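Trainee: Just run31.cif, nothing more (mmCIF, C-alpha atoms):
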data_data
loop_
_atom_site.group_PDB
_atom_site.id
_atom_site.type_symbol
_atom_site.label_atom_id
_atom_site.label_comp_id
_atom_site.auth_asym_id
_atom_site.auth_seq_id
_atom_site.Cartn_x
_atom_site.Cartn_y
_atom_site.Cartn_z
ATOM 1 C CA MET O 1 77.713 -88.200 -352.213
ATOM 2 C CA LYS O 2 75.107 -90.856 -352.935
ATOM 3 C CA ILE O 3 71.893 -91.183 -350.935
ATOM 4 C CA LEU O 4 70.236 -94.588 -350.837
ATOM 5 C CA VAL O 5 66.472 -94.548 -350.143
ATOM 6 C CA GLY O 6 64.413 -97.629 -349.337
ATOM 7 C CA ILE O 7 60.778 -97.757 -350.447
ATOM 8 C CA LYS O 8 58.101 -100.409 -349.914
ATOM 9 C CA ARG O 9 55.019 -101.321 -351.944
ATOM 10 C CA VAL O 10 51.961 -101.221 -349.662
ATOM 11 C CA VAL O 11 48.197 -100.904 -349.941
ATOM 12 C CA ASP O 12 47.423 -97.213 -350.394
ATOM 13 C CA TYR O 13 46.632 -95.521 -347.089
ATOM 14 C CA ASN O 14 43.298 -94.275 -348.449
ATOM 15 C CA VAL O 15 42.064 -97.815 -349.143
ATOM 16 C CA ARG O 16 39.944 -99.635 -346.587
ATOM 17 C CA ILE O 17 41.689 -102.927 -345.781
ATOM 18 C CA ARG O 18 39.699 -106.139 -346.316
ATOM 19 C CA VAL O 19 40.772 -109.448 -344.805
ATOM 20 C CA LEU O 20 40.297 -112.579 -346.922
ATOM 21 C CA PRO O 21 37.391 -114.768 -345.754
ATOM 22 C CA ASP O 22 39.727 -117.643 -344.850
ATOM 23 C CA GLY O 23 42.018 -115.366 -342.814
ATOM 24 C CA ARG O 24 45.100 -116.096 -344.943
ATOM 25 C CA GLY O 25 45.905 -112.475 -345.561
ATOM 26 C CA VAL O 26 44.683 -109.148 -346.907
ATOM 27 C CA ASP O 27 42.674 -108.885 -350.112
ATOM 28 C CA THR O 28 44.822 -107.006 -352.660
ATOM 29 C CA ASP O 29 42.868 -107.968 -355.804
ATOM 30 C CA GLY O 30 42.153 -104.735 -357.667
ATOM 31 C CA VAL O 31 43.388 -102.674 -354.725
ATOM 32 C CA LYS O 32 45.459 -99.536 -355.306
ATOM 33 C CA MET O 33 49.095 -100.003 -354.239
ATOM 34 C CA SER O 34 51.437 -97.111 -353.456
ATOM 35 C CA ILE O 35 54.775 -96.192 -351.941
ATOM 36 C CA ASN O 36 54.693 -96.471 -348.157
ATOM 37 C CA PRO O 37 53.952 -92.880 -346.983
ATOM 38 C CA PHE O 38 56.955 -92.698 -344.640
ATOM 39 C CA ASP O 39 59.233 -93.910 -347.467
ATOM 40 C CA GLU O 40 57.803 -91.241 -349.767
ATOM 41 C CA ILE O 41 58.814 -88.637 -347.177
ATOM 42 C CA ALA O 42 62.296 -90.204 -347.021
ATOM 43 C CA LEU O 43 62.633 -89.913 -350.803
ATOM 44 C CA GLU O 44 61.426 -86.314 -350.786
ATOM 45 C CA GLU O 45 64.068 -85.429 -348.195
ATOM 46 C CA ALA O 46 66.805 -87.087 -350.257
ATOM 47 C CA LEU O 47 65.716 -85.131 -353.331
ATOM 48 C CA ARG O 48 65.732 -81.859 -351.387
ATOM 49 C CA LEU O 49 69.237 -82.589 -350.111
ATOM 50 C CA ARG O 50 70.414 -83.217 -353.676
ATOM 51 C CA GLU O 51 68.738 -80.042 -354.896
ATOM 52 C CA ALA O 52 70.506 -78.127 -352.099
ATOM 53 C CA GLY O 53 73.847 -79.404 -353.382
ATOM 54 C CA LYS O 54 74.420 -81.785 -350.465
ATOM 55 C CA ALA O 55 74.292 -84.927 -352.635
ATOM 56 C CA ASP O 56 75.048 -85.897 -356.219
ATOM 57 C CA GLU O 57 72.835 -88.938 -356.737
ATOM 58 C CA VAL O 58 69.661 -90.426 -355.235
ATOM 59 C CA ILE O 59 69.030 -94.161 -355.620
ATOM 60 C CA VAL O 60 65.695 -95.777 -354.717
ATOM 61 C CA VAL O 61 65.629 -99.435 -353.671
ATOM 62 C CA SER O 62 62.724 -101.815 -353.141
ATOM 63 C CA ALA O 63 62.558 -105.523 -352.321
ATOM 64 C CA GLY O 64 59.812 -107.663 -353.785
ATOM 65 C CA ALA O 65 58.314 -109.198 -356.895
ATOM 66 C CA ASP O 66 58.245 -107.363 -360.223
ATOM 67 C CA GLU O 67 55.090 -105.504 -359.171
ATOM 68 C CA CYS O 68 57.251 -103.224 -357.015
ATOM 69 C CA GLN O 69 58.771 -101.794 -360.189
ATOM 70 C CA GLN O 70 55.657 -99.620 -360.407
ATOM 71 C CA GLN O 71 56.613 -97.909 -357.133
ATOM 72 C CA LEU O 72 60.248 -97.675 -358.219
ATOM 73 C CA ARG O 73 59.140 -95.907 -361.405
ATOM 74 C CA THR O 74 57.095 -93.536 -359.261
ATOM 75 C CA GLY O 75 60.240 -92.843 -357.247
ATOM 76 C CA LEU O 76 62.126 -92.125 -360.463
ATOM 77 C CA ALA O 77 59.315 -89.810 -361.573
ATOM 78 C CA MET O 78 59.627 -87.914 -358.294
ATOM 79 C CA GLY O 79 63.251 -87.255 -359.208
ATOM 80 C CA ALA O 80 65.465 -90.193 -358.173
ATOM 81 C CA ASP O 81 68.393 -90.844 -360.529
ATOM 82 C CA ARG O 82 68.418 -94.653 -360.444
ATOM 83 C CA ALA O 83 66.366 -97.528 -359.097
ATOM 84 C CA ILE O 84 67.281 -101.016 -357.875
ATOM 85 C CA GLN O 85 64.857 -103.895 -357.363
ATOM 86 C CA ILE O 86 65.867 -106.687 -355.007
ATOM 87 C CA ARG O 87 63.838 -109.428 -356.632
ATOM 88 C CA THR O 88 62.168 -111.947 -354.341
ATOM 89 C CA SER O 89 58.810 -113.688 -354.303
ATOM 90 C CA GLU O 90 58.957 -114.326 -350.563
ATOM 91 C CA PRO O 91 57.880 -111.802 -347.922
ATOM 92 C CA LEU O 92 60.965 -110.436 -346.185
ATOM 93 C CA GLN O 93 61.242 -109.663 -342.513
ATOM 94 C CA PRO O 94 63.237 -106.622 -341.327
ATOM 95 C CA LEU O 95 66.486 -108.490 -340.635
ATOM 96 C CA SER O 96 66.588 -110.021 -344.132
ATOM 97 C CA ILE O 97 65.839 -106.630 -345.694
ATOM 98 C CA ALA O 98 68.594 -105.007 -343.626
ATOM 99 C CA ARG O 99 71.088 -107.641 -344.754
ATOM 100 C CA ALA O 100 70.108 -107.139 -348.399
ATOM 101 C CA PHE O 101 70.471 -103.375 -348.017
ATOM 102 C CA LEU O 102 73.896 -103.876 -346.452
ATOM 103 C CA LYS O 103 75.067 -105.772 -349.545
ATOM 104 C CA LEU O 104 73.865 -102.922 -351.757
ATOM 105 C CA ILE O 105 75.664 -100.436 -349.518
ATOM 106 C CA GLU O 106 78.882 -102.382 -350.040
ATOM 107 C CA ARG O 107 78.345 -102.073 -353.802
ATOM 108 C CA GLU O 108 77.140 -98.473 -354.003
ATOM 109 C CA ASP O 109 79.071 -96.901 -351.081
ATOM 110 C CA PRO O 110 76.446 -94.251 -350.202
ATOM 111 C CA GLY O 111 77.139 -91.441 -347.771
ATOM 112 C CA LEU O 112 73.635 -91.609 -346.343
ATOM 113 C CA VAL O 113 70.775 -94.103 -346.173
ATOM 114 C CA ILE O 114 67.280 -92.713 -345.555
ATOM 115 C CA LEU O 115 64.304 -94.930 -344.730
ATOM 116 C CA GLY O 116 60.767 -94.396 -343.512
ATOM 117 C CA LYS O 117 60.418 -94.973 -339.782
ATOM 118 C CA GLN O 118 57.977 -97.850 -340.419
ATOM 119 C CA ALA O 119 55.730 -99.422 -343.038
ATOM 120 C CA ILE O 120 51.988 -98.955 -342.666
ATOM 121 C CA ASP O 121 51.273 -102.646 -343.319
ATOM 122 C CA ASP O 122 53.348 -104.359 -340.613
ATOM 123 C CA ASP O 123 54.395 -101.348 -338.458
ATOM 124 C CA ASN O 124 57.636 -103.073 -337.435
ATOM 125 C CA SER O 125 59.888 -99.977 -337.305
ATOM 126 C CA GLN O 126 62.990 -102.187 -337.201
ATOM 127 C CA THR O 127 64.816 -102.129 -340.537
ATOM 128 C CA ALA O 128 66.681 -98.829 -340.070
ATOM 129 C CA GLN O 129 67.951 -99.796 -336.623
ATOM 130 C CA MET O 130 69.035 -103.261 -337.755
ATOM 131 C CA LEU O 131 70.790 -101.841 -340.820
ATOM 132 C CA ALA O 132 72.737 -99.331 -338.733
ATOM 133 C CA ALA O 133 73.852 -102.118 -336.386
ATOM 134 C CA LEU O 134 74.942 -104.412 -339.256
ATOM 135 C CA TRP O 135 76.695 -101.536 -341.034
ATOM 136 C CA ASN O 136 78.270 -100.389 -337.761
ATOM 137 C CA ARG O 137 77.388 -96.781 -338.499
ATOM 138 C CA PRO O 138 75.483 -94.101 -336.528
ATOM 139 C CA GLN O 139 71.710 -93.843 -336.727
ATOM 140 C CA ALA O 140 69.063 -91.186 -336.122
ATOM 141 C CA THR O 141 65.477 -92.370 -336.001
ATOM 142 C CA PHE O 142 62.111 -90.564 -336.228
ATOM 143 C CA ALA O 143 63.658 -87.485 -337.844
ATOM 144 C CA SER O 144 61.534 -84.344 -338.230
ATOM 145 C CA LYS O 145 64.428 -82.183 -339.496
ATOM 146 C CA VAL O 146 67.710 -83.059 -341.219
ATOM 147 C CA GLU O 147 70.665 -80.766 -341.970
ATOM 148 C CA LEU O 148 73.929 -81.963 -343.561
ATOM 149 C CA ASN O 149 77.168 -80.082 -343.000
ATOM 150 C CA ASN O 150 80.856 -81.044 -343.358
ATOM 151 C CA GLY O 151 80.474 -84.795 -343.011
ATOM 152 C CA THR O 152 77.883 -84.678 -340.233
ATOM 153 C CA ALA O 153 74.097 -84.677 -339.994
ATOM 154 C CA ALA O 154 72.199 -82.572 -337.461
ATOM 155 C CA VAL O 155 68.915 -84.362 -336.855
ATOM 156 C CA THR O 156 65.886 -83.287 -334.858
ATOM 157 C CA ARG O 157 64.086 -86.381 -333.549
ATOM 158 C CA GLU O 158 60.518 -86.783 -332.370
ATOM 159 C CA VAL O 159 60.541 -88.522 -328.992
ATOM 160 C CA ASP O 160 57.938 -89.096 -326.285
ATOM 161 C CA ALA O 161 59.017 -86.024 -324.324
ATOM 162 C CA GLY O 162 59.063 -83.715 -327.359
ATOM 163 C CA LEU O 163 62.035 -83.048 -329.628
ATOM 164 C CA GLU O 164 65.634 -84.212 -329.331
ATOM 165 C CA MET O 165 68.502 -82.776 -331.391
ATOM 166 C CA ILE O 166 71.538 -84.927 -332.117
ATOM 167 C CA GLU O 167 74.537 -84.760 -334.440
ATOM 168 C CA ILE O 168 75.905 -87.890 -336.115
ATOM 169 C CA ASP O 169 78.858 -88.571 -338.386
ATOM 170 C CA LEU O 170 78.311 -89.691 -341.969
ATOM 171 C CA PRO O 171 77.877 -92.281 -343.424
ATOM 172 C CA ALA O 172 74.778 -92.979 -341.351
ATOM 173 C CA VAL O 173 71.223 -94.299 -341.380
ATOM 174 C CA ILE O 174 68.274 -91.944 -340.838
ATOM 175 C CA SER O 175 64.632 -92.942 -340.505
ATOM 176 C CA VAL O 176 62.055 -90.206 -341.011
ATOM 177 C CA ASP O 177 58.777 -89.197 -339.380
ATOM 178 C CA LEU O 178 55.641 -87.599 -340.824
ATOM 179 C CA ARG O 179 56.444 -83.963 -340.045
ATOM 180 C CA LEU O 180 59.770 -83.869 -341.905
ATOM 181 C CA ASN O 181 58.275 -82.642 -345.203
ATOM 182 C CA GLU O 182 55.399 -82.935 -347.654
ATOM 183 C CA PRO O 183 56.237 -85.052 -350.734
ATOM 184 C CA ARG O 184 55.906 -83.395 -354.124
ATOM 185 C CA PHE O 185 53.259 -84.260 -356.696
ATOM 186 C CA VAL O 186 54.447 -86.253 -359.695
ATOM 187 C CA LYS O 187 53.790 -84.520 -363.016
ATOM 188 C CA LEU O 188 53.078 -86.300 -366.294
ATOM 189 C CA PRO O 189 56.325 -85.192 -368.046
ATOM 190 C CA GLU O 190 58.323 -86.638 -365.141
ATOM 191 C CA ILE O 191 56.431 -89.939 -365.424
ATOM 192 C CA MET O 192 57.432 -90.126 -369.089
ATOM 193 C CA LYS O 193 61.067 -89.316 -368.295
ATOM 194 C CA ALA O 194 61.117 -91.975 -365.582
ATOM 195 C CA LYS O 195 60.583 -94.692 -368.199
ATOM 196 C CA ARG O 196 64.043 -93.916 -369.595
ATOM 197 C CA LYS O 197 65.861 -93.902 -366.276
ATOM 198 C CA PRO O 198 67.868 -97.024 -365.293
ATOM 199 C CA LEU O 199 66.174 -99.673 -363.158
ATOM 200 C CA ASP O 200 68.484 -102.528 -362.209
ATOM 201 C CA VAL O 201 67.266 -105.891 -360.929
ATOM 202 C CA VAL O 202 69.306 -108.038 -358.546
ATOM 203 C CA SER O 203 68.257 -111.246 -356.813
ATOM 204 C CA LEU O 204 68.821 -112.164 -353.199
ATOM 205 C CA ASP O 205 71.074 -114.999 -354.357
ATOM 206 C CA GLU O 206 73.271 -112.534 -356.242
ATOM 207 C CA LEU O 207 73.571 -110.493 -353.073
ATOM 208 C CA GLY O 208 74.378 -113.619 -351.062
ATOM 209 C CA VAL O 209 71.429 -113.140 -348.719
ATOM 210 C CA THR O 210 69.249 -115.996 -347.483
ATOM 211 C CA VAL O 211 65.671 -115.461 -346.357
ATOM 212 C CA GLU O 212 65.241 -116.022 -342.642
ATOM 213 C CA GLY O 213 61.758 -116.308 -341.233
ATOM 214 C CA ASN O 214 61.766 -115.983 -337.462
ATOM 215 C CA LEU O 215 58.126 -114.907 -337.390
ATOM 216 C CA ASN O 216 55.206 -116.816 -338.894
ATOM 217 C CA VAL O 217 51.839 -115.132 -339.330
ATOM 218 C CA ILE O 218 49.197 -117.833 -339.053
ATOM 219 C CA HIS O 219 45.982 -115.838 -339.207
ATOM 220 C CA PHE O 220 44.586 -112.424 -340.127
ATOM 221 C CA ALA O 221 41.424 -110.984 -338.622
ATOM 222 C CA PRO O 222 39.704 -107.590 -338.932
ATOM 223 C CA PRO O 223 39.240 -105.496 -335.786
ATOM 224 C CA PRO O 224 35.885 -105.955 -334.022
ATOM 225 C CA LYS O 225 33.130 -103.629 -335.161
ATOM 226 C CA ARG O 226 32.616 -100.595 -332.963
ATOM 227 C CA GLN O 227 29.464 -100.768 -330.892
ATOM 228 C CA LYS O 228 26.766 -98.185 -331.400
ATOM 229 C CA GLY O 229 27.097 -95.177 -329.105
ATOM 230 C CA VAL O 230 24.640 -94.287 -326.351
ATOM 231 C CA MET O 231 23.134 -90.797 -326.054
ATOM 232 C CA VAL O 232 22.923 -89.449 -322.499
ATOM 233 C CA GLU O 233 20.991 -86.435 -321.290
ATOM 234 C CA ASP O 234 23.233 -85.248 -318.473
ATOM 235 C CA ALA O 235 26.487 -85.929 -316.610
ATOM 236 C CA ALA O 236 24.782 -88.073 -313.977
ATOM 237 C CA GLN O 237 23.469 -90.443 -316.640
ATOM 238 C CA LEU O 238 26.925 -90.571 -318.245
ATOM 239 C CA VAL O 239 28.532 -91.525 -314.915
ATOM 240 C CA GLN O 240 25.905 -94.208 -314.326
ATOM 241 C CA GLU O 241 26.410 -95.662 -317.809
ATOM 242 C CA LEU O 242 30.177 -95.839 -317.257
ATOM 243 C CA LYS O 243 29.602 -97.583 -313.911
ATOM 244 C CA ASN O 244 27.263 -100.090 -315.547
ATOM 245 C CA ARG O 245 29.992 -100.963 -318.038
ATOM 246 C CA GLY O 246 32.616 -101.313 -315.313
ATOM 247 C CA LEU O 247 34.704 -98.462 -316.688
ATOM 248 C CA ILE O 248 34.738 -96.490 -313.434
#
How does the structure come out when it is put into structure tokens?
Mentor:
Amino acid sequence: MKILVGIKRVVDYNVRIRVLPDGRGVDTDGVKMSINPFDEIALEEALRLREAGKADEVIVVSAGADECQQQLRTGLAMGADRAIQIRTSEPLQPLSIARAFLKLIEREDPGLVILGKQAIDDDNSQTAQMLAALWNRPQATFASKVELNNGTAAVTREVDAGLEMIEIDLPAVISVDLRLNEPRFVKLPEIMKAKRKPLDVVSLDELGVTVEGNLNVIHFAPPPKRQKGVMVEDAAQLVQELKNRGLI
């Protein structure tokens, strides 16, 4: 069985985001870029499933300009067998990404697609759900535990009320949450081996997918600076300060 894993190039989660002075976007000049943390967890889970004998091949996929090949090579260094870049210079919204992934699914015929539950740059949390609907296959979102057995997947989901356990038939789409696993560290020998692993490039035109932009971002702005705190001497002063601010 093949497992297809989607990864996204994002600003590293340790980097403090800076908005461009003109509000056109985020300053990425000289900024460290990494695999989206949720996608890294998705890849780690796919690798563990392969190592447990539940899968034969793990394929990492990313959509973007050639810069995303750096993250694909990182995915190969973690242990993925192959990588595919969907080349595009335009920012893709979740529906376009889902349609591109569907075309790759038709080519690769995977038994499982694993994605991060969301990207830390746009926080849409939509691609996995849209892909499952287009593919007409079951989905399990926000997974904190995944077990494969005899053509089914038993998934523990993180929901508002706690945990929910469901079983879905394969092929299926699973999106993963933070507590599923801890991704492995990439070692230097694996980085060197990754340079020899296959990385295929396919354009959106080759896949027959057109970019649809239903959402236009017109301005970026940083959050307002937090006001300096006020020290109070007792509970009565705290209550009075909250009343003065109209909070109670």
Trainee: Would you list the contacts of O:Arg50 as a list in words, taking every protein, DNA or RNA residue within 12 Å and counting all atoms listed in the file, but skipping same-chain residues closer than 4 positions in sequence?
Mentor: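 Neighbouring residues, sequence-local ones excluded: Met1, Lys2, Ile3, Leu4, Leu43, Glu44, Glu45, Ala46, Lys54, Ala55, Asp56, Glu57, Val58, Ile59, Gly79, Ala80, Asp81, Leu112, Glu147 and Leu148 of chain O.
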Trainee: To one decimal place, how far is atom CA of O:Arg157 from atom CA of O:Val60 in Å?
Mentor: 23.2 Å
Trainee: Do you know which residues the PyMOL selection byres ((chain O and resi 26) around 10) returns on this file, as a list in words?
Mentor: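 Applied to this file, the PyMOL selection byres ((chain O and resi 26) around 10) selects Val11, Ile17, Arg18, Val19, Leu20, Pro21, Gly23, Arg24, Gly25, Asp27, Thr28, Asp29, Asp121, Phe220, Ala221 and Pro222 of chain O.
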Trainee: I'd like to see the residues matched by the PyMOL selection byres ((chain O and resi 126-133) around 8) on this file, and ideally I'd get them as a list in words.
Mentor: Pro94, Leu95, Ile97, Ala98, Arg99, Phe101, Leu102, Leu115, Lys117, Gln118, Asn124, Ser125, Leu134, Trp135, Asn136, Arg137, Pro138, Gln139, Thr141, Ala172, Val173, Ile174 and Ser175 of chain O
Trainee: So how far away is atom CA of O:Asp39 from atom CA of O:Val5, in Å?
Mentor: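 For atom CA of O:Val5 relative to atom CA of O:Asp39, the distance reads 7.7 Å.
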Trainee: How many Å separate atom CA of O:Gln85 from atom CA of O:Leu199?
Mentor: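 So the two atoms, atom CA of O:Gln85 and atom CA of O:Leu199, lie 7.3 Å apart.
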Trainee: On this file, the PyMOL selection byres ((chain O and resi 7) around 6) gives some set of residues; write that set as a list in words.
Mentor: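 When the PyMOL selection byres ((chain O and resi 7) around 6) is applied, the selected residues are Gly6, Lys8, Asp39 and Ser62 of chain O.
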Trainee: So that I have them on file, write out the residues from the current selection with C-alpha atoms, as a PDB file, in the coordinates of the input.
Mentor:
ATOM      1  CA  GLY O   6      64.413 -97.629-349.337  1.00  0.00           C
ATOM      2  CA  LYS O   8      58.101-100.409-349.914  1.00  0.00           C
ATOM      3  CA  ASP O  39      59.233 -93.910-347.467  1.00  0.00           C
ATOM      4  CA  SER O  62      62.724-101.815-353.141  1.00  0.00           C
TER       5      SER O  62
END
Trainee: If we count only C-alpha atoms and set the cut-off at 8 Å, which residues sit around stretch 202-210 of chain O, ignoring sequence neighbours fewer than 4 positions away in its own chain? Please answer as a list in words.
Mentor: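 Contacts, with the query itself left out: Ile84, Gln85, Ile86, Arg87, Thr88, Ser96, Arg99, Ala100, Lys103 and Leu104 of chain O.
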Trainee: Emit as lines of an AutoDock Vina configuration file the padded axis-aligned box for all listed atoms of stretch 21-29 of chain O, 4 Å per side, with centre and edge lengths in Å to one decimal.
Mentor:
center_x = 41.6
center_y = -112.3
center_z = -349.3
size_x = 16.5
size_y = 18.6
size_z = 21.0
Trainee: Let me make sure I understand: among O:Leu49, O:Ala65, O:Ala154, O:Ala42, which one has the smallest atom-to-atom distance to O:Ile114 if we use all atoms listed in the file?
Mentor: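 Looking only at the distances to O:Ile114, the closest residue turns out to be O:Ala42.
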Trainee: Provide stretch 195-206 of chain O rebuilt to N, CA and C atoms, formatted as a short mmCIF file (atom, residue, chain, number, x, y, z; two decimals), in the coordinates of the input.
Mentor:
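Generated output (out.cif):
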data_model
loop_
_atom_site.label_atom_id
_atom_site.label_comp_id
_atom_site.auth_asym_id
_atom_site.auth_seq_id
_atom_site.Cartn_x
_atom_site.Cartn_y
_atom_site.Cartn_z
N LYS O 195 60.52 -93.45 -367.43
CA LYS O 195 60.58 -94.69 -368.20
C LYS O 195 61.96 -94.91 -368.82
N ARG O 196 62.72 -93.82 -368.98
CA ARG O 196 64.04 -93.92 -369.60
C ARG O 196 65.17 -93.98 -368.57
N LYS O 197 64.83 -93.84 -367.31
CA LYS O 197 65.86 -93.90 -366.28
C LYS O 197 66.21 -95.36 -365.95
N PRO O 198 67.45 -95.63 -365.54
CA PRO O 198 67.87 -97.02 -365.29
C PRO O 198 67.20 -97.64 -364.08
N LEU O 199 66.73 -98.87 -364.24
CA LEU O 199 66.17 -99.67 -363.16
C LEU O 199 66.85 -101.04 -363.20
N ASP O 200 67.73 -101.27 -362.26
CA ASP O 200 68.48 -102.53 -362.21
C ASP O 200 67.76 -103.54 -361.33
N VAL O 201 67.88 -104.81 -361.69
CA VAL O 201 67.27 -105.89 -360.93
C VAL O 201 68.36 -106.83 -360.43
N VAL O 202 68.33 -107.12 -359.14
CA VAL O 202 69.31 -108.04 -358.55
C VAL O 202 68.55 -108.99 -357.63
N SER O 203 68.94 -110.25 -357.66
CA SER O 203 68.26 -111.25 -356.81
C SER O 203 68.94 -111.35 -355.46
N LEU O 204 68.23 -111.93 -354.52
CA LEU O 204 68.82 -112.16 -353.20
C LEU O 204 70.02 -113.09 -353.30
N ASP O 205 69.95 -114.08 -354.19
CA ASP O 205 71.07 -115.00 -354.36
C ASP O 205 72.31 -114.26 -354.84
N GLU O 206 72.13 -113.32 -355.75
CA GLU O 206 73.27 -112.53 -356.24
C GLU O 206 73.89 -111.72 -355.13
#
